[in-house]
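What follows is a single structure, written as structure tokens, with notes after it.
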Amino acid sequence: MSASAVFILDMKGKPLICRNYKGDVNMAEIDHFMPLLMQKEEEGALTPLLTHGRVHFLWIKHSNLYLVATTLKNANASLVYSFLYKVVEVFSEYFKELEEESIRDNFVIVYELLDELMDFGFPQTTDSKILQEYITQQGNKLETGKSRVPPTVTNAVSWRSEGIKYKKNEVFIDVIESVNLLVNANGSVLLSEIVGTIKLKVFLSGMPELRLGLNDRVLFELTGLSGNKNKSVELEDVKFHQCVRLSRFDNDRTISFIPPDGDFELMSYRLNTQVKPLIWIESVIEKFSHSRVEIMVKAKGQFKKQSVANSVEIAVPVPSDADSPRFKTSVGSAKYLPEKNVVIWNIKSFPGGKEYLMRAHFGLPSVEKEEVEGRPPISVKFEIPYFTVSGIQVRYMKIIEKSGYQALPWVRYITQSGDYQLRTS
Amino acid sequence: MPYLGSEDIVKELKKALCNPHIQADRPRYRNVIQRVIRHMTQGVDVSSVFMDMVKASATVDIVQKKLVYLYMCTYAPLKPDLALLAINTLCKDCSDPNPMVRGLALRSMCSLRMPGVQEYIQQPILNGLRDKASYVRRVAVLGCAKMYNLHGDSEVDGTLVNELYSLLRDQDPIVVVNCLRALEEILKHEGGVVINKPIAHHLLNRMPDLDHWGQAEVLGFLLRYQPRSEEELFAILNLLDSSLQSSSPAVVMAATKLFLVLAKEFPHVQTDVLVRVKGPLLTACSSESRELCFAALCHVRRILRSLPGHFSSHYKKFFCSYSEPHYIKLQKVEVLCELVNDENVQQVLDELRDYCTDVSADLAQAAIFAIGGIARTYTDQCVQILTELLVLRQEHITSAVVQTFRNLVWLCPQCTEAVCQALPGCEENIQDSEGKQALIWLLGVHGEIIPNAPYVLEDFVENVKAETFPAVKMELLTALLRLFLSRPAECQDMLGRLLYYCLEEEKDMAVRDRGLFYYRLLLTGIDEVKRILCSPKSDPSLGLLEDQAERPVNSWVSEFNTLVPMYSKACWAAISSSQVSEPHGPEPSGNGVLSASGSLVLENKEELQPLCDSGSFLLVPNGQLTAEQFEKTWLSLEVAHQEVLPWQGVAHPDTIQTALQVVNIQAIALSKAGVQPWKAYFSAQDGAGCLFLTELLLDPEPSQVHLSVKQSQAKAEALNSFISVLKTVIGTIVGIKS
């Protein structure tokens, strides 16, 4: 890859920040970006890749900003997009919210960061943990030349600095499985997939050596040694963080690593399994033109009775010209969000095996509007704690550091909704 | 703050920068500098305070230093003489005890894009390369590339290059990768950095230490290493297997490409690799970042072109979700169309049928065209679905369906009857030019089995004055004349009216000329008209030529993981042709293997690729030899190659001509169809200017074709490549006929 320049534009296409890395593209080229984007959008041919003459624009959108990389080369697109997302990630960690306002308020740091993130069009130091060691938000306080070189620069382990200290040494392990579901209008499941991740929050001093033990069933799956023919769990495409020693994993199936400091994703996997959709929705949406819409939604928890789904939120689409809503729910509360054209049905706690009902009634104007509307799906959000579909379990987490301190691992399991959609007819 | 014009702003800033009180008050001083930078970003020309900014660089405040250096890098090209004054401070900073300051100064100094800076930066760079802080070494290594880039014409400094090669052994991973990047830039005229066996193996061993960016880049550089033995190849593949498991899609893509290229000679390994990367690619296709998802989908389509069944069992992953952006939905529809097989066809069609009624007209039409694509194999099912869509009486749907029908009857004549039954009534729901043309064409060509065809065409004739699209009028002329041949009684009158209108009232010259042509043609008698207009009503062979069914993996692997798969074919061709004409020409592609200009020409003639498998031999469109020139050249040359190929049936000059045209072989002269002996002459030219003259002589008894080729320069290799292209095309034509 090599990006000639990186721009951050506002919604109108005006540059807020520009950084010319290579000097081989005229910086004025960016003026063509917005007209081009509008033109392509009009033609219905918008893609994340635009060209003007010899210049390729690769762009992403984040809140009210466009981040654009320009290049003359026939570059490796995934790398450029990954870099732009990395920029978003790093900025977000510095400013919490990355948006026009925060860019304007922090433009000095933005320039400082852009300087370190990339040189001559090539990504350099992009780890925000390491960047935070020498570019600080307190830049406004005057530090006179004392800024030190992060020791990481010469470390054998590029993702962790030496000399980290915590009073209380702890590791938090989150096992999170997100369910992606797509059901078509006549109720057959088109896609049911689970994306699992193990996330760690590490507050450990020194250079600790960690070993994570998973339950055997999952481990066998990971290494493809499972002799079980009718397996219910099938892990696919397992990925580890760079810090995991893959050679050790291949040899004796131990997941051992020196972790980065703070939050990171240790591993991820996909699960293709034929489990019942955890929350099943049946809906009848009857539209009587010029008079009213009647909606009936039945939700059923198809998971173990002992488990409870929390903060369940079922969003049911309604026509944009609907008015005078009336609801009746067997549990929870429903509210109408006219700006999004949905009814949101909230259920605080939804035990497995239960079935609930909501009815809604809307009026429709007698004069129908011209434009045709799409058919948005019903989407569901939920969280089921202490439960994983795959049955993955953390057996142990060994933490060894040469100073020999005692550290506590904490484990939490959550199954939650990912892209969970049921189409309506 | 009162509104100030940009001149006032600059004046005010200048005053503030010069003010000794402000200079003494550090926070205020820095504040003013920040304001300068802010205005610079907003596009205000603040170059006139350059001198004052240079003064501000002499500070212990590192943030202020950074800002001032940023300012200098931006305006140095405008004020080269003043920038030279800053060099002194920069040089001093290059030997600061703080490595951050050293690195910053060196980076900024190398980024001053102005003439004459080279002599000042050479020494600091050399010092930087040997600095004990890796931060400074990283900067210095890229500084070499920057320095060279400033003076592209200067000699490549051998010692510097050697120094960089030796720094490949540096213990800092970023220094290693930066060395590769710098060498690539410095040696770009000599083909880039050389990856020999020791370097390749050194890089392979360092892979685990590198970050994602470095890994992706090194995988790109390794493309140019050719393992000596099969054993070594497999050792490398084993070492890199973990890259396929990387959590970064960019590394996965780069690794896939490397695997496919390394296994070039071993098709079975390539297939294994593609099976291996299925999972990672599918993950990338459902990536949270829509741009990465888009990139992955484009690459999946490339793979499907070589291995049509590859993702068939995962077809559900390519079903669209409501909230996805348009460009992803369109790609998914294309993918679905390409991965259909006996098992999933029903589900895929059900899904596509849902999209046909989407609110977005673009998606609906794309889905209809996709069903049309599937119809080439699963004709009956698809025609039924398409027919049902007509009931909806939506303009954009009807238009797309009718266009699909037109293409379909041409390729799959067996569905003609079903299509013709579905047509009546469509005319009421078509408004756009493309749709009307398709409908009129169908009515003209198959009018004899559509009872109301003349009446529909009559409506069009009635309203021809109000018709806005000339293309529709032309289509109408042709269709009506064709229908007149099969149903003269019903058409004679309106044909007369249409011709009258075209000759007397029409203002568009092309339409008028077409009308005049048909009028004169009719004067020559009905037999002549029949002979000219009654061409075949379908030609399945065109579909094969257009599809190029399966392409070998090696035909696209060099473009894998570049921008090429992400553009549509037509779009990339347009971009690349505009780039070739640029005076500078495109730079070598970031990923090496094939120089961009090479791949551009190839892409331009993409149809050619599957036919000439090596990719190194190219025919270019030549400035059409005239018949006389051809004859002269033909007579002056010796026959370089002769061969007899099997042949079946009569020759259709059009088919042969079109097929050869696709690969840039121009027809000079052809006998009429059915004439015996049937002869044809062709000419072609390769990139090096060598001419190939070809004679085809058809021998009906026994059915075979004699092939003679003459060549203007005696080059055996080019001749062989040319003959293999020619034979492939002839083979395709014969294959279709049999």
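Each chain of the structure tokens is named A, B, ... in the order shown, its residues numbered from 1; ligands are numbered from 1 in display order.
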
Checklist line | Spatial neighbours of A:Met358, max dist 6 Å, only C-alpha atoms, sep filter under 2 positions, as a list in words | finding: Met296, Val297, Lys328 and Thr329 of chain A

Next item on the list: Considering only C-alpha atoms, return as a PyMOL selection string whatever protein or nucleic-acid residues lie within 8 Å of stretch 268-272 of chain A, sequence-local ones (same chain, fewer than 2 positions apart) excluded.
Entry: chain A and resi 192-198+233-240+265-266+274+390

Same residues, all heavy atoms, output as a short mmCIF file (atom, residue, chain, number, x, y, z; two decimals), in the first residue's frame:
```
data_model
loop_
_atom_site.label_atom_id
_atom_site.label_comp_id
_atom_site.auth_asym_id
_atom_site.auth_seq_id
_atom_site.Cartn_x
_atom_site.Cartn_y
_atom_site.Cartn_z
N SER A 192 -28.40 -18.45 10.01
CA SER A 192 -28.29 -18.40 11.46
C SER A 192 -26.84 -18.67 11.77
O SER A 192 -26.31 -19.72 11.44
CB SER A 192 -29.19 -19.47 12.07
OG SER A 192 -28.75 -19.80 13.35
N GLU A 193 -26.19 -17.71 12.35
CA GLU A 193 -24.74 -17.81 12.51
C GLU A 193 -24.35 -17.15 13.82
O GLU A 193 -24.98 -16.18 14.23
CB GLU A 193 -24.10 -17.11 11.32
CG GLU A 193 -22.65 -16.84 11.47
CD GLU A 193 -22.15 -15.94 10.35
OE1 GLU A 193 -22.40 -14.72 10.42
OE2 GLU A 193 -21.52 -16.45 9.43
N ILE A 194 -23.34 -17.71 14.45
CA ILE A 194 -22.90 -17.12 15.70
C ILE A 194 -21.44 -16.71 15.57
O ILE A 194 -20.61 -17.49 15.10
CB ILE A 194 -23.10 -18.12 16.85
CG1 ILE A 194 -24.60 -18.17 17.16
CG2 ILE A 194 -22.34 -17.70 18.09
CD1 ILE A 194 -25.09 -19.48 17.58
N VAL A 195 -21.17 -15.49 15.94
CA VAL A 195 -19.80 -15.00 15.91
C VAL A 195 -19.35 -14.85 17.35
O VAL A 195 -19.94 -14.08 18.11
CB VAL A 195 -19.71 -13.64 15.19
CG1 VAL A 195 -18.28 -13.16 15.18
CG2 VAL A 195 -20.24 -13.76 13.78
N GLY A 196 -18.35 -15.63 17.72
CA GLY A 196 -17.88 -15.61 19.10
C GLY A 196 -16.58 -14.85 19.22
O GLY A 196 -15.76 -14.86 18.32
N THR A 197 -16.42 -14.17 20.37
CA THR A 197 -15.14 -13.52 20.64
C THR A 197 -14.81 -13.70 22.12
O THR A 197 -15.70 -13.77 22.95
CB THR A 197 -15.19 -12.00 20.38
OG1 THR A 197 -16.33 -11.47 21.05
CG2 THR A 197 -15.28 -11.68 18.92
N ILE A 198 -13.53 -13.80 22.37
CA ILE A 198 -13.09 -13.76 23.77
C ILE A 198 -12.32 -12.47 23.94
O ILE A 198 -11.30 -12.26 23.28
CB ILE A 198 -12.22 -14.97 24.13
CG1 ILE A 198 -13.03 -16.25 23.95
CG2 ILE A 198 -11.70 -14.85 25.55
CD1 ILE A 198 -12.32 -17.49 24.40
N VAL A 233 -21.63 -28.71 17.69
CA VAL A 233 -20.87 -27.46 17.62
C VAL A 233 -19.80 -27.58 16.55
O VAL A 233 -19.06 -28.55 16.51
CB VAL A 233 -20.18 -27.19 18.97
CG1 VAL A 233 -19.45 -25.88 18.93
CG2 VAL A 233 -21.21 -27.19 20.07
N GLU A 234 -19.73 -26.60 15.69
CA GLU A 234 -18.69 -26.63 14.68
C GLU A 234 -18.07 -25.25 14.59
O GLU A 234 -18.68 -24.31 14.09
CB GLU A 234 -19.31 -27.02 13.33
CG GLU A 234 -18.28 -27.46 12.34
CD GLU A 234 -18.94 -27.90 11.04
OE1 GLU A 234 -20.11 -28.27 11.07
OE2 GLU A 234 -18.24 -27.84 10.01
N LEU A 235 -16.86 -25.12 15.13
CA LEU A 235 -16.20 -23.82 15.10
C LEU A 235 -15.51 -23.64 13.77
O LEU A 235 -14.85 -24.54 13.29
CB LEU A 235 -15.18 -23.71 16.23
CG LEU A 235 -15.70 -23.79 17.65
CD1 LEU A 235 -14.58 -23.47 18.61
CD2 LEU A 235 -16.86 -22.85 17.85
N GLU A 236 -15.67 -22.46 13.21
CA GLU A 236 -15.06 -22.20 11.91
C GLU A 236 -14.19 -20.97 12.02
O GLU A 236 -14.53 -20.05 12.75
CB GLU A 236 -16.15 -21.89 10.88
CG GLU A 236 -16.68 -23.10 10.18
CD GLU A 236 -17.67 -22.70 9.12
OE1 GLU A 236 -17.68 -21.51 8.73
OE2 GLU A 236 -18.43 -23.56 8.70
N ASP A 237 -13.15 -20.99 11.22
CA ASP A 237 -12.39 -19.76 11.02
C ASP A 237 -11.97 -19.12 12.35
O ASP A 237 -12.31 -17.97 12.63
CB ASP A 237 -13.25 -18.79 10.21
CG ASP A 237 -12.41 -17.70 9.62
OD1 ASP A 237 -11.21 -17.94 9.40
OD2 ASP A 237 -12.95 -16.62 9.40
N VAL A 238 -11.25 -19.88 13.15
CA VAL A 238 -10.78 -19.36 14.44
C VAL A 238 -9.59 -18.44 14.20
O VAL A 238 -8.68 -18.78 13.45
CB VAL A 238 -10.36 -20.52 15.35
CG1 VAL A 238 -9.89 -20.00 16.68
CG2 VAL A 238 -11.50 -21.49 15.52
N LYS A 239 -9.63 -17.28 14.80
CA LYS A 239 -8.53 -16.32 14.65
C LYS A 239 -8.02 -15.91 16.02
O LYS A 239 -8.82 -15.70 16.93
CB LYS A 239 -9.01 -15.07 13.93
CG LYS A 239 -9.38 -15.26 12.49
CD LYS A 239 -9.81 -13.93 11.93
CE LYS A 239 -10.46 -14.05 10.59
NZ LYS A 239 -9.63 -14.66 9.58
N PHE A 240 -6.71 -15.80 16.14
CA PHE A 240 -6.14 -15.36 17.41
C PHE A 240 -5.50 -14.00 17.26
O PHE A 240 -5.09 -13.61 16.17
CB PHE A 240 -5.06 -16.35 17.87
CG PHE A 240 -5.62 -17.67 18.32
CD1 PHE A 240 -5.47 -18.80 17.55
CD2 PHE A 240 -6.28 -17.76 19.53
CE1 PHE A 240 -5.98 -20.01 17.96
CE2 PHE A 240 -6.80 -18.96 19.94
CZ PHE A 240 -6.66 -20.10 19.16
N GLU A 265 -8.93 -8.11 21.86
CA GLU A 265 -9.68 -9.30 21.51
C GLU A 265 -8.71 -10.45 21.35
O GLU A 265 -7.86 -10.43 20.46
CB GLU A 265 -10.44 -9.04 20.21
CG GLU A 265 -11.38 -10.14 19.83
CD GLU A 265 -12.14 -9.82 18.55
OE1 GLU A 265 -12.89 -8.82 18.54
OE2 GLU A 265 -11.96 -10.55 17.57
N LEU A 266 -8.82 -11.45 22.22
CA LEU A 266 -7.86 -12.55 22.20
C LEU A 266 -8.12 -13.50 21.05
O LEU A 266 -7.22 -13.90 20.34
CB LEU A 266 -7.92 -13.31 23.52
CG LEU A 266 -6.98 -14.50 23.61
CD1 LEU A 266 -5.54 -14.03 23.69
CD2 LEU A 266 -7.30 -15.37 24.81
N GLN A 274 -27.21 -25.52 13.73
CA GLN A 274 -28.64 -25.48 13.51
C GLN A 274 -29.37 -25.35 14.83
O GLN A 274 -30.17 -26.20 15.20
CB GLN A 274 -29.09 -26.75 12.77
CG GLN A 274 -28.52 -26.85 11.36
CD GLN A 274 -28.84 -25.62 10.55
OE1 GLN A 274 -29.95 -25.11 10.58
NE2 GLN A 274 -27.85 -25.12 9.81
N SER A 390 -22.33 -22.10 21.96
CA SER A 390 -21.33 -23.09 21.62
C SER A 390 -20.98 -23.98 22.80
O SER A 390 -20.42 -25.05 22.64
CB SER A 390 -20.05 -22.39 21.15
OG SER A 390 -19.54 -21.64 22.22
#
```

Margin query: Need to verify the contact set: A:Ile347, 8 Å, only C-alpha atoms, exclusion of same-chain residues closer than 3 positions in sequence. Can you return it as a ChimeraX atom specification?
Written below: /A:310-313,331-333,350

Write the residues you've just listed into a file as a CSV table (one decimal), in the first residue's frame, and include N, CA, C and O atoms for each of them.
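That gives us result.csv:
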```
chain,number,residue,atom,x,y,z
A,310,ASN,N,-32.1,-10.4,28.8
A,310,ASN,CA,-32.3,-9.1,29.4
A,310,ASN,C,-32.4,-8.0,28.3
A,310,ASN,O,-31.9,-8.2,27.2
A,311,SER,N,-33.0,-6.9,28.7
A,311,SER,CA,-33.1,-5.7,27.8
A,311,SER,C,-33.5,-6.1,26.4
A,311,SER,O,-32.9,-5.8,25.4
A,312,VAL,N,-34.6,-6.9,26.3
A,312,VAL,CA,-35.1,-7.3,24.9
A,312,VAL,C,-35.8,-6.1,24.3
A,312,VAL,O,-36.5,-5.4,24.9
A,313,GLU,N,-35.4,-5.8,23.0
A,313,GLU,CA,-36.0,-4.7,22.3
A,313,GLU,C,-36.4,-5.2,20.9
A,313,GLU,O,-35.5,-5.6,20.1
A,331,VAL,N,-46.6,-8.0,28.3
A,331,VAL,CA,-45.5,-7.7,29.3
A,331,VAL,C,-44.7,-6.6,28.6
A,331,VAL,O,-44.7,-6.4,27.4
A,332,GLY,N,-44.0,-5.8,29.4
A,332,GLY,CA,-43.1,-4.7,28.9
A,332,GLY,C,-43.9,-3.6,28.4
A,332,GLY,O,-45.1,-3.5,28.6
A,333,SER,N,-43.2,-2.7,27.7
A,333,SER,CA,-43.9,-1.5,27.3
A,333,SER,C,-43.6,-1.2,25.8
A,333,SER,O,-42.5,-1.6,25.3
A,350,PHE,N,-36.8,-11.5,30.1
A,350,PHE,CA,-37.6,-12.4,29.2
A,350,PHE,C,-37.1,-13.8,29.5
A,350,PHE,O,-36.1,-14.3,28.9
```

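Among the candidate residues B:Cys179, B:Val662, B:Ala716, B:Leu390, the one lying nearest to chain A is B:Cys179, with distances computed using only C-alpha atoms.
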
What are the closest atom pairs, with distances in Å to one decimal, for all residues of stretch 428-479 of chain B lying within 8 Å of stretch 499-521 of chain B? Consider only C-alpha atoms, order rows by chain and residue number, and present the result as CSV.
```
residue,atom,partner,partner_atom,distance
B:Pro470,CA,B:Val511,CA,6.5
B:Ala471,CA,B:Val511,CA,8.0
B:Lys473,CA,B:Val511,CA,6.7
B:Met474,CA,B:Val511,CA,5.7
B:Leu477,CA,B:Gly515,CA,6.9
```

Expected file: the selected residues, C-alpha atoms, as a CSV table (one decimal), in the first residue's frame:
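Final output, out_0.csv:
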```csv
chain,number,residue,atom,x,y,z
B,470,PRO,CA,-33.8,7.8,-31.9
B,471,ALA,CA,-32.6,4.3,-31.0
B,473,LYS,CA,-37.2,4.6,-33.9
B,474,MET,CA,-34.4,2.6,-35.6
B,477,LEU,CA,-37.9,0.4,-38.5
```

Check: Any idea what's packed within 8 Å of A:Val389, counting only C-alpha atoms, ignoring anything in its chain fewer than 2 positions away? Could you give it as a PyMOL selection string?
Finding: chain A and resi 177+387+391-392+415

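Between atom CA of A:Gln306 and atom CA of A:Ile279 the interatomic distance comes to 14.9 Å.
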
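Between A:Lys129 and the candidates A:Glu29, A:Asp115, A:Asp263, A:Glu209, the tightest atom-to-atom separation, counting only C-alpha atoms, involves A:Asp263.
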
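From atom CA of A:Ala5 back to atom CA of B:Leu112, the distance works out to 15.4 Å.
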
Notebook entry, point to check: Pick the closest to A:Val372 from B:Glu231, B:Cys491, B:Ile9, B:Val359: which is it, counting only C-alpha atoms?
Noted result: B:Val359

Next item on the list: Quick one: everything within 9 Å of stretch 454-459 of chain B, counting only C-alpha atoms, minus sequence neighbours fewer than 3 positions away in the same chain. Send it as a list in words.
Entry: Pro424, Gly425, Glu427, Ile440, Leu443, Gly444, Gly447, Ile450, Pro451, Glu462, Asn463, Val464, Leu476, Ala479, Leu480, Leu483, Phe484, Arg487, Glu490, Cys491, Met494 and Leu495 of chain B

Item checked: Non-local contacts of B:Asn19 (12 Å; only C-alpha atoms; under 3 positions in same chain excluded) as a VMD selection string -> chain B and resid 12 to 16 22 to 25 28 to 29 32 52 56

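Summary of the local environment: counting only C-alpha atoms, residues at most 10 Å from B:Arg30, other than itself and those fewer than 5 positions away along its chain, are Asn140 and Leu142 of chain A; Leu17, Ile22, Gln23, Asp25, Arg35, Val36, Ala56, Asp61, Val63, Gln64, Lys65, Leu67 and Val68 of chain B.
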
For the residues in that selection, give me N, CA and C atoms as a CSV table (one decimal), in the first residue's frame.
```csv
chain,number,residue,atom,x,y,z
A,140,ASN,N,-1.5,20.5,26.0
A,140,ASN,CA,-1.6,22.0,26.2
A,140,ASN,C,-0.7,22.4,27.4
A,142,LEU,N,2.7,22.7,29.1
A,142,LEU,CA,4.0,22.7,28.5
A,142,LEU,C,5.0,21.7,29.1
B,17,LEU,N,3.2,37.2,16.0
B,17,LEU,CA,4.4,36.4,16.1
B,17,LEU,C,5.6,37.2,16.4
B,22,ILE,N,4.6,38.4,23.4
B,22,ILE,CA,4.0,37.1,23.2
B,22,ILE,C,5.1,36.1,23.1
B,23,GLN,N,6.2,36.4,22.5
B,23,GLN,CA,7.3,35.4,22.3
B,23,GLN,C,7.8,35.0,23.7
B,25,ASP,N,5.9,34.9,26.4
B,25,ASP,CA,4.9,34.1,27.1
B,25,ASP,C,4.6,32.8,26.3
B,35,ARG,N,-2.9,29.0,15.7
B,35,ARG,CA,-3.8,29.7,14.8
B,35,ARG,C,-3.3,29.7,13.4
B,36,VAL,N,-2.0,29.9,13.3
B,36,VAL,CA,-1.4,29.8,11.9
B,36,VAL,C,-1.7,28.5,11.2
B,56,ALA,N,10.3,30.5,15.4
B,56,ALA,CA,9.6,29.8,16.4
B,56,ALA,C,10.0,28.4,16.6
B,61,ASP,N,9.9,23.4,23.4
B,61,ASP,CA,8.5,22.8,23.5
B,61,ASP,C,8.3,21.9,22.3
B,63,VAL,N,5.8,20.1,21.2
B,63,VAL,CA,4.6,20.2,20.4
B,63,VAL,C,4.7,21.4,19.4
B,64,GLN,N,5.2,22.5,20.0
B,64,GLN,CA,5.4,23.7,19.1
B,64,GLN,C,6.3,23.4,18.0
B,65,LYS,N,7.4,22.7,18.2
B,65,LYS,CA,8.3,22.3,17.2
B,65,LYS,C,7.5,21.5,16.1
B,67,LEU,N,4.5,21.6,15.3
B,67,LEU,CA,3.6,22.5,14.5
B,67,LEU,C,4.4,23.3,13.5
B,68,VAL,N,5.5,23.8,14.0
B,68,VAL,CA,6.3,24.7,13.1
B,68,VAL,C,6.8,23.8,11.9
```
